$ cat my_file14.txt   # compact mmCIF, C-alpha atoms
# COMPACT_ATOMS: atom_id res chain seq x y z
CA MET B 1 29.29 95.19 12.03
CA PHE B 2 29.37 92.62 14.81
CA LYS B 3 32.70 90.84 15.15
CA ILE B 4 32.98 87.13 15.94
CA VAL B 5 35.37 87.17 18.89
CA LYS B 6 35.38 83.44 19.55
CA LYS B 7 34.14 80.34 17.73
CA ARG B 8 34.06 76.77 19.03
CA GLU B 9 32.55 73.56 17.70
CA LEU B 10 30.56 71.83 20.45
CA ASN B 11 29.82 68.80 18.32
CA SER B 12 29.53 67.95 14.62
CA THR B 13 26.27 69.90 14.22
CA VAL B 14 26.38 72.56 16.96
CA THR B 15 28.62 75.64 17.10
CA MET B 16 29.15 78.32 19.75
CA MET B 17 30.15 81.91 18.99
CA ASP B 18 30.88 84.98 21.10
CA ILE B 19 29.76 88.12 19.25
CA TYR B 20 31.00 91.60 20.14
CA ALA B 21 27.79 93.53 20.78
CA PRO B 22 28.34 95.69 23.90
CA LEU B 23 24.95 97.42 23.92
CA ILE B 24 23.14 94.08 23.81
CA ALA B 25 25.49 92.50 26.36
CA LYS B 26 24.77 95.40 28.71
CA LYS B 27 21.02 94.64 28.87
CA ALA B 28 20.62 90.96 27.97
CA GLN B 29 18.92 88.59 30.43
CA ALA B 30 18.49 84.83 30.52
CA GLY B 31 15.64 83.76 28.26
CA GLN B 32 15.89 86.62 25.77
CA PHE B 33 16.97 86.31 22.14
CA VAL B 34 18.57 88.15 19.24
CA ILE B 35 17.77 88.26 15.52
CA LEU B 36 20.74 88.23 13.17
CA ARG B 37 21.65 88.32 9.51
CA VAL B 38 24.87 86.71 8.35
CA ASP B 39 25.28 89.03 5.37
CA ASP B 40 23.50 91.79 3.48
CA GLY B 41 20.31 90.41 1.95
CA GLY B 42 20.48 87.30 4.11
CA GLU B 43 17.65 85.66 6.02
CA ARG B 44 16.77 86.93 9.51
CA ILE B 45 16.96 84.18 12.12
CA PRO B 46 16.29 84.25 15.87
CA LEU B 47 18.79 82.74 18.31
CA THR B 48 18.39 82.69 22.07
CA VAL B 49 21.09 84.40 24.13
CA ALA B 50 23.20 81.54 25.50
CA GLY B 51 25.28 83.81 27.71
CA PHE B 52 26.86 87.24 27.91
CA ASP B 53 29.87 89.04 29.35
CA ARG B 54 29.00 92.61 30.22
CA GLU B 55 32.65 93.59 30.82
CA LYS B 56 33.91 92.23 27.51
CA GLY B 57 30.76 93.34 25.69
CA THR B 58 30.12 89.94 24.14
CA VAL B 59 26.98 87.88 23.62
CA LYS B 60 27.16 84.10 23.29
CA ILE B 61 25.05 82.25 20.72
CA ILE B 62 24.82 78.51 20.15
CA PHE B 63 23.21 77.18 16.99
CA GLN B 64 22.53 73.93 15.22
CA ILE B 65 23.43 73.64 11.53
CA VAL B 66 20.09 72.76 9.97
CA GLY B 67 19.61 74.94 6.88
CA GLY B 68 21.26 77.31 4.47
CA THR B 69 21.51 80.29 6.83
CA THR B 70 23.06 78.35 9.71
CA MET B 71 25.51 76.82 7.23
CA ARG B 72 26.54 80.31 6.14
CA LEU B 73 26.82 81.37 9.77
CA ASN B 74 28.97 78.35 10.58
CA ALA B 75 31.26 79.18 7.65
CA LYS B 76 32.18 82.46 9.32
CA LYS B 77 35.57 82.57 11.05
CA GLU B 78 36.87 84.33 14.16
CA GLY B 79 37.62 87.95 13.30
CA GLU B 80 34.90 88.14 10.67
CA ALA B 81 31.65 89.96 11.34
CA LEU B 82 27.90 89.53 11.05
CA CYS B 83 25.81 92.04 9.13
CA ASP B 84 23.05 92.50 11.72
CA PHE B 85 22.69 91.49 15.36
CA VAL B 86 19.59 92.95 17.02
CA GLY B 87 18.41 92.57 20.61
CA PRO B 88 17.84 91.79 23.34
CA LEU B 89 14.31 90.79 22.31
CA GLY B 90 11.53 88.99 24.13
CA CYS B 91 10.86 88.70 27.84
CA ALA B 92 13.45 87.42 30.28
CA THR B 93 12.73 84.15 32.08
CA LYS B 94 11.03 84.83 35.42
CA THR B 95 13.10 83.40 38.25
CA GLU B 96 11.98 85.47 41.23
CA GLY B 97 10.78 83.45 44.21
CA ILE B 98 11.95 80.09 42.87
CA LYS B 99 13.75 78.15 45.60
CA LYS B 100 13.81 74.71 44.02
CA VAL B 101 13.62 74.03 40.30
CA CYS B 102 14.09 71.29 37.76
CA ILE B 103 15.58 72.42 34.46
CA VAL B 104 14.89 69.99 31.60
CA GLY B 105 16.86 70.57 28.40
CA GLY B 106 16.97 68.63 25.17
CA GLY B 107 19.61 68.77 22.44
CA VAL B 108 20.59 72.29 21.38
CA GLY B 109 17.82 73.55 23.70
CA CYS B 110 20.34 72.99 26.49
CA ALA B 111 22.10 76.11 25.25
CA ILE B 112 18.97 78.09 26.08
CA ALA B 113 18.43 76.32 29.39
CA LEU B 114 21.97 76.88 30.65
CA PRO B 115 21.82 80.65 31.38
CA VAL B 116 18.49 80.10 33.17
CA ALA B 117 20.06 77.39 35.34
CA GLN B 118 23.07 79.64 36.00
CA LYS B 119 20.90 82.57 37.04
CA LEU B 120 18.87 80.43 39.43
CA HIS B 121 22.03 78.89 40.88
CA GLU B 122 23.52 82.34 41.45
CA SER B 123 20.33 83.41 43.23
CA GLY B 124 20.72 80.51 45.69
CA ALA B 125 18.04 78.18 44.30
CA ASP B 126 18.35 74.41 44.52
CA VAL B 127 18.82 73.48 40.86
CA HIS B 128 18.20 69.98 39.52
CA SER B 129 19.02 69.62 35.82
CA VAL B 130 18.12 66.89 33.34
CA ILE B 131 19.69 67.14 29.89
CA GLY B 132 19.01 64.75 27.03
CA PHE B 133 20.62 63.92 23.68
CA ARG B 134 20.29 61.28 20.98
CA ASN B 135 23.77 59.86 21.64
CA LYS B 136 27.17 60.48 23.25
CA ASP B 137 28.57 62.40 20.27
CA LEU B 138 25.84 65.05 20.58
CA VAL B 139 26.29 65.82 24.29
CA ILE B 140 27.04 69.51 24.91
CA LEU B 141 27.61 71.79 27.91
CA GLU B 142 27.81 68.99 30.48
CA GLU B 143 30.56 70.67 32.54
CA GLU B 144 28.74 73.99 32.48
CA PHE B 145 25.58 72.33 33.81
CA LYS B 146 27.58 70.52 36.50
CA ASN B 147 28.90 73.85 37.73
CA CYS B 148 25.43 75.34 38.23
CA SER B 149 23.40 72.28 39.27
CA ASP B 150 22.99 70.70 42.67
CA LYS B 151 21.98 67.54 40.82
CA LEU B 152 22.57 66.68 37.16
CA THR B 153 21.28 63.75 35.12
CA VAL B 154 22.46 63.17 31.55
CA MET B 155 20.25 61.03 29.31
CA THR B 156 20.91 59.57 25.86
CA ASP B 157 18.36 57.82 23.67
CA ASP B 158 20.72 54.94 22.89
CA GLY B 159 22.45 54.68 26.27
CA SER B 160 25.87 55.50 24.83
CA TYR B 161 26.43 58.01 27.64
CA GLY B 162 24.79 58.71 30.99
CA ARG B 163 21.47 56.96 31.45
CA ARG B 164 19.53 55.39 28.63
CA GLY B 165 16.10 56.83 27.95
CA VAL B 166 14.21 60.10 27.68
CA VAL B 167 14.29 63.15 29.95
CA THR B 168 10.84 62.49 31.39
CA MET B 169 12.10 59.32 33.09
CA PRO B 170 14.26 60.95 35.82
CA LEU B 171 11.74 63.79 36.11
CA LYS B 172 8.91 61.36 36.87
CA GLU B 173 11.15 59.41 39.26
CA ALA B 174 11.94 62.59 41.16
CA LEU B 175 8.28 63.60 41.40
CA ASP B 176 7.27 60.06 42.43
CA GLY B 177 10.02 60.18 45.04
CA GLY B 178 8.52 63.25 46.65
CA GLU B 179 10.60 66.09 45.19
CA LYS B 180 8.70 69.35 45.57
CA TYR B 181 9.71 71.71 42.81
CA ASP B 182 8.45 75.28 42.76
CA GLU B 183 8.67 75.06 39.00
CA VAL B 184 9.87 72.93 36.11
CA ILE B 185 11.44 74.84 33.22
CA THR B 186 11.84 72.91 29.99
CA ILE B 187 13.55 73.92 26.76
CA GLY B 188 14.11 71.72 23.73
CA PRO B 189 12.30 70.06 20.82
CA LEU B 190 8.55 70.67 20.79
CA ILE B 191 7.71 67.00 21.17
CA MET B 192 9.99 66.74 24.20
CA MET B 193 8.41 69.76 25.88
CA LYS B 194 4.95 68.36 25.14
CA PHE B 195 5.75 65.18 27.06
CA VAL B 196 7.47 67.03 29.90
CA VAL B 197 4.28 69.06 30.34
CA ALA B 198 2.19 65.87 30.19
CA THR B 199 4.38 64.45 32.97
CA THR B 200 4.24 67.45 35.30
CA LYS B 201 0.56 68.22 34.78
CA SER B 202 -0.65 65.23 36.77
CA TYR B 203 1.48 66.39 39.71
CA GLY B 204 0.31 69.99 39.48
CA VAL B 205 3.86 71.36 39.18
CA PRO B 206 3.96 74.75 37.39
CA THR B 207 5.82 74.26 34.12
CA THR B 208 7.36 76.88 31.86
CA VAL B 209 8.25 76.15 28.24
CA SER B 210 10.42 78.22 25.91
CA MET B 211 8.97 78.49 22.40
CA ASN B 212 11.10 79.27 19.37
CA PRO B 213 8.80 79.24 16.32
CA ILE B 214 9.41 80.89 12.95
CA MET B 215 10.24 84.60 13.40
CA ILE B 216 10.88 87.40 10.95
CA ASP B 217 10.81 90.87 12.50
CA GLY B 218 10.80 90.12 16.24
CA THR B 219 8.29 92.90 16.95
CA GLY B 220 4.98 91.04 16.68
CA MET B 221 4.07 92.68 13.37
CA CYS B 222 4.63 89.78 10.96
CA GLY B 223 2.65 87.20 12.91
CA GLY B 224 4.99 84.38 11.89
CA CYS B 225 5.65 83.34 15.48
CA ARG B 226 2.02 83.11 16.54
CA LEU B 227 0.99 80.40 18.98
CA THR B 228 -2.24 79.38 20.63
CA VAL B 229 -1.86 79.71 24.38
CA GLY B 230 -4.84 79.32 26.66
CA GLY B 231 -7.12 79.46 23.62
CA LYS B 232 -5.76 82.88 22.59
CA THR B 233 -3.26 83.91 19.93
CA LYS B 234 0.10 84.93 21.36
CA PHE B 235 3.32 86.02 19.68
CA ALA B 236 6.50 84.35 20.90
CA CYS B 237 8.66 87.36 20.04
CA VAL B 238 6.85 89.87 22.28
CA ASP B 239 4.67 87.79 24.62
CA GLY B 240 7.32 85.11 25.15
CA PRO B 241 9.35 83.14 24.41
CA ASP B 242 8.36 81.65 27.80
CA PHE B 243 4.79 80.44 28.34
CA ASN B 244 2.75 78.36 30.76
CA GLY B 245 3.27 74.89 29.34
CA PHE B 246 -0.18 73.72 30.41
CA GLU B 247 -1.78 76.29 28.10
CA VAL B 248 0.28 75.81 24.91
CA ASP B 249 -1.33 74.05 21.94
CA PHE B 250 1.65 71.84 21.12
CA ASP B 251 -0.04 69.93 18.30
CA GLU B 252 -0.63 73.18 16.40
CA ALA B 253 2.92 74.40 17.11
CA ILE B 254 4.43 71.11 15.91
CA SER B 255 2.36 71.23 12.72
CA ARG B 256 3.42 74.79 11.93
CA ALA B 257 7.09 74.08 12.73
CA GLY B 258 7.22 71.47 9.98
CA MET B 259 5.92 73.78 7.25
CA TYR B 260 9.35 74.76 5.95
CA ALA B 261 11.24 71.50 6.54
CA GLU B 262 11.49 70.69 2.83
CA PHE B 263 12.55 74.25 2.00
CA GLU B 264 15.32 74.12 4.63
CA LYS B 265 16.50 70.77 3.26
CA ALA B 266 16.63 72.13 -0.29
CA GLU B 267 18.56 75.23 0.78
CA ARG B 268 21.05 73.12 2.70
CA GLU B 269 21.62 70.80 -0.27
CA LYS B 270 22.02 73.79 -2.59
CA LEU B 271 24.66 75.32 -0.31
CA CYS B 272 26.44 71.99 0.14
CA ASN B 273 26.76 71.68 -3.63
CA LEU B 274 28.05 75.26 -3.84
CA TYR B 275 30.75 74.61 -1.25
CA LYS B 276 31.78 71.41 -3.04
CA LYS B 277 32.26 73.37 -6.27
CA GLU B 278 34.34 76.00 -4.45
CA VAL B 279 36.60 73.31 -2.99
CA LYS B 280 37.19 71.85 -6.46
$ encode --input "my_file14.txt" --output "structure tokens"
Amino acid sequence: MFKIVKKRELNSTVTMMDIYAPLIAKKAQAGQFVILRVDDGGERIPLTVAGFDREKGTVKIIFQIVGGTTMRLNAKKEGEALCDFVGPLGCATKTEGIKKVCIVGGGVGCAIALPVAQKLHESGADVHSVIGFRNKDLVILEEEFKNCSDKLTVMTDDGSYGRRGVVTMPLKEALDGGEKYDEVITIGPLIMMKFVVATTKSYGVPTTVSMNPIMIDGTGMCGGCRLTVGGKTKFACVDGPDFNGFEVDFDEAISRAGMYAEFEKAEREKLCNLYKKEVK
């Protein structure tokens, strides 16, 4: 069993947990992920490693409460344990040779972008970070990004905090202003990454995207996480989750990502009703 050592609410819909998993903490790298089950018979869900402490033997996960399984996960308390916690899976983000980078994160995707930014900062790279959220109440990890970024821009859709607008605005301004990035690394909602790639493509700046489609086994056998990249079928769990953004078929990925939206909504409503009955 994998004990929840620490739990903290980052905002009303996003929670951070430190899980005691020393063997995973020993080998985990930025960009990799784990697959967990909250309880016996529960659904398997992938979550990207948001950090790790090799000495304490803990792995950090950050998740958004969107469906039944993440509601069950969020109901867990410090001291309780998860049934399964498997990893590290996937390929680590490639950071070798990068001297100047722009990290673009959106929403809960910032949790995935943070360890990449930290690793590049530790290696001596010049790190510019742009993080975007719908509004002030949803901003997460700002201080952590400040600590590992030479330049940080916070964007909100409604202008309630930082600058008003989308993440592609400061990115385009930087590129128009002559910034020469070795690479842009973007992690967040599919539609956001699609437009980041559209922005960087005209400047010829190599752009890496982190894909987190539906996953079941994490070994490439189920085919649930398949993507079309460069006209070929790839599996995010074993070939990724990082890919060349210029080669990803985002329209297909967006279409497939919405397949289970109604199911997730129904499961969430069912669980909400269950919790209400328990409270009564």
$ residues_near_point --input "my_file14.txt" --point "(13.5, 72.3, 26.8)" --cutoff "6 Å" --atoms "all atoms listed in the file" --output "list in words"
Val104, Gly105, Gly106, Gly109, Thr186, Ile187, Gly188 and Met193 of chain B
$ closest_residue --input "my_file14.txt" --among "B:Val197, B:Leu138, B:Val38, B:Ala236" --to "Cys91 in chain B" --atoms "all atoms listed in the file"
B:Ala236
$ closest_atom_pairs --input "my_file14.txt" --of "range 75-163 of chain B" --to "range 199-209 of chain B" --cutoff "12 Å" --atoms "only C-alpha atoms" --output "tab-separated table"
residue	atom	partner	partner_atom	distance
B:Thr93	CA	B:Thr208	CA	9.0
B:Lys94	CA	B:Thr208	CA	9.5
B:Thr95	CA	B:Thr208	CA	10.8
B:Ile98	CA	B:Pro206	CA	11.1
B:Lys100	CA	B:Val205	CA	11.6
B:Val101	CA	B:Thr207	CA	10.0
B:Cys102	CA	B:Thr207	CA	9.5
B:Ile103	CA	B:Thr208	CA	9.7
B:Val104	CA	B:Val209	CA	9.7
B:Gly105	CA	B:Val209	CA	10.3
B:Gly106	CA	B:Val209	CA	11.9
B:Gly109	CA	B:Val209	CA	10.9
B:Ile112	CA	B:Val209	CA	11.1
B:Ala113	CA	B:Val209	CA	10.2
B:Val116	CA	B:Thr208	CA	11.7
$ atom_distance --input "my_file14.txt" --atom1 "CA of Lys7 in chain B" --atom2 "CA of Lys27 in chain B"
22.4 Å
$ atom_distance --input "my_file14.txt" --atom1 "CA of Glu247 in chain B" --atom2 "CA of Gly230 in chain B"
4.5 Å
$ residues_around --input "my_file14.txt" --residues "Arg8 in chain B" --least-positions-apart "2" --cutoff "12 Å" --atoms "only C-alpha atoms" --output "list in words"
Ile4, Val5, Lys6, Leu10, Asn11, Ser12, Thr13, Val14, Thr15, Met16, Met17, Asp18, Lys60, Ile61, Ile62, Phe63, Asn74, Ala75, Lys76, Lys77, Glu78 and Ile140 of chain B
$ axis_aligned_box --input "my_file14.txt" --around "range 168-184 of chain B" --padding-each-side "5 Å" --output "JSON"
{"center_x": 10.8, "center_y": 67.3, "center_z": 39.0, "size_x": 17.0, "size_y": 26.0, "size_z": 25.3}
$ closest_residue --input "my_file14.txt" --among "B:Ala125, B:Val139, B:Ala21, B:Ile131" --to "Gly97 in chain B" --atoms "all atoms listed in the file"
B:Ala125
$ atom_distance --input "my_file14.txt" --atom1 "CA of Lys151 in chain B" --atom2 "CA of Asp126 in chain B"
8.6 Å
$ closest_residue --input "my_file14.txt" --among "B:Ala81, B:Ile65, B:Cys237, B:Ile24" --to "Asp40 in chain B" --atoms "all atoms listed in the file"
B:Ala81
$ closest_residue --input "my_file14.txt" --among "B:Lys234, B:Glu122, B:Phe246, B:Val108" --to "Val66 in chain B" --atoms "all atoms listed in the file"
B:Val108
$ residues_around --input "my_file14.txt" --residues "Met1 in chain B" --least-positions-apart "2" --cutoff "9 Å" --atoms "all atoms listed in the file" --output "PyMOL selection string"
chain B and resi 3+81-85
$ closest_atom_pairs --input "my_file14.txt" --of "range 35-111 of chain B" --to "range 211-221 of chain B" --cutoff "7 Å" --atoms "all atoms listed in the file" --output "Markdown table"
| residue | atom | partner | partner_atom | distance |
| --- | --- | --- | --- | --- |
| B:Arg44 | CA | B:Ile216 | CA | 6.1 |
| B:Ile45 | CA | B:Met215 | CA | 6.9 |
| B:Pro46 | CA | B:Met215 | CA | 6.5 |
$ closest_residue --input "my_file14.txt" --among "B:Ala28, B:Leu175, B:Met192, B:Ile185" --to "Phe133 in chain B" --atoms "all atoms listed in the file"
B:Met192
$ residues_near_point --input "my_file14.txt" --point "(22.4, 63.9, 28.3)" --cutoff "10 Å" --atoms "all atoms listed in the file" --output "mmCIF file with C-alpha atoms, in the coordinates of the input"
data_model
loop_
_atom_site.group_PDB
_atom_site.id
_atom_site.type_symbol
_atom_site.label_atom_id
_atom_site.label_comp_id
_atom_site.auth_asym_id
_atom_site.auth_seq_id
_atom_site.Cartn_x
_atom_site.Cartn_y
_atom_site.Cartn_z
ATOM 1 C CA GLY B 105 16.860 70.570 28.400
ATOM 2 C CA GLY B 106 16.970 68.630 25.170
ATOM 3 C CA GLY B 107 19.610 68.770 22.440
ATOM 4 C CA CYS B 110 20.340 72.990 26.490
ATOM 5 C CA VAL B 130 18.120 66.890 33.340
ATOM 6 C CA ILE B 131 19.690 67.140 29.890
ATOM 7 C CA GLY B 132 19.010 64.750 27.030
ATOM 8 C CA PHE B 133 20.620 63.920 23.680
ATOM 9 C CA ARG B 134 20.290 61.280 20.980
ATOM 10 C CA ASN B 135 23.770 59.860 21.640
ATOM 11 C CA LYS B 136 27.170 60.480 23.250
ATOM 12 C CA LEU B 138 25.840 65.050 20.580
ATOM 13 C CA VAL B 139 26.290 65.820 24.290
ATOM 14 C CA ILE B 140 27.040 69.510 24.910
ATOM 15 C CA LEU B 141 27.610 71.790 27.910
ATOM 16 C CA GLU B 142 27.810 68.990 30.480
ATOM 17 C CA LEU B 152 22.570 66.680 37.160
ATOM 18 C CA THR B 153 21.280 63.750 35.120
ATOM 19 C CA VAL B 154 22.460 63.170 31.550
ATOM 20 C CA MET B 155 20.250 61.030 29.310
ATOM 21 C CA THR B 156 20.910 59.570 25.860
ATOM 22 C CA ASP B 157 18.360 57.820 23.670
ATOM 23 C CA GLY B 159 22.450 54.680 26.270
ATOM 24 C CA SER B 160 25.870 55.500 24.830
ATOM 25 C CA TYR B 161 26.430 58.010 27.640
ATOM 26 C CA GLY B 162 24.790 58.710 30.990
ATOM 27 C CA ARG B 163 21.470 56.960 31.450
ATOM 28 C CA ARG B 164 19.530 55.390 28.630
ATOM 29 C CA GLY B 165 16.100 56.830 27.950
ATOM 30 C CA VAL B 166 14.210 60.100 27.680
ATOM 31 C CA VAL B 167 14.290 63.150 29.950
#
$ residues_around --input "my_file14.txt" --residues "Lys99 in chain B" --least-positions-apart "6" --cutoff "10 Å" --atoms "only C-alpha atoms" --output "VMD selection string"
chain B and resid 120 to 121 123 to 127 181 to 183
$ closest_residue --input "my_file14.txt" --among "B:Leu47, B:Met71, B:Ala25, B:Ala198" --to "Phe250 in chain B" --atoms "all atoms listed in the file"
B:Ala198
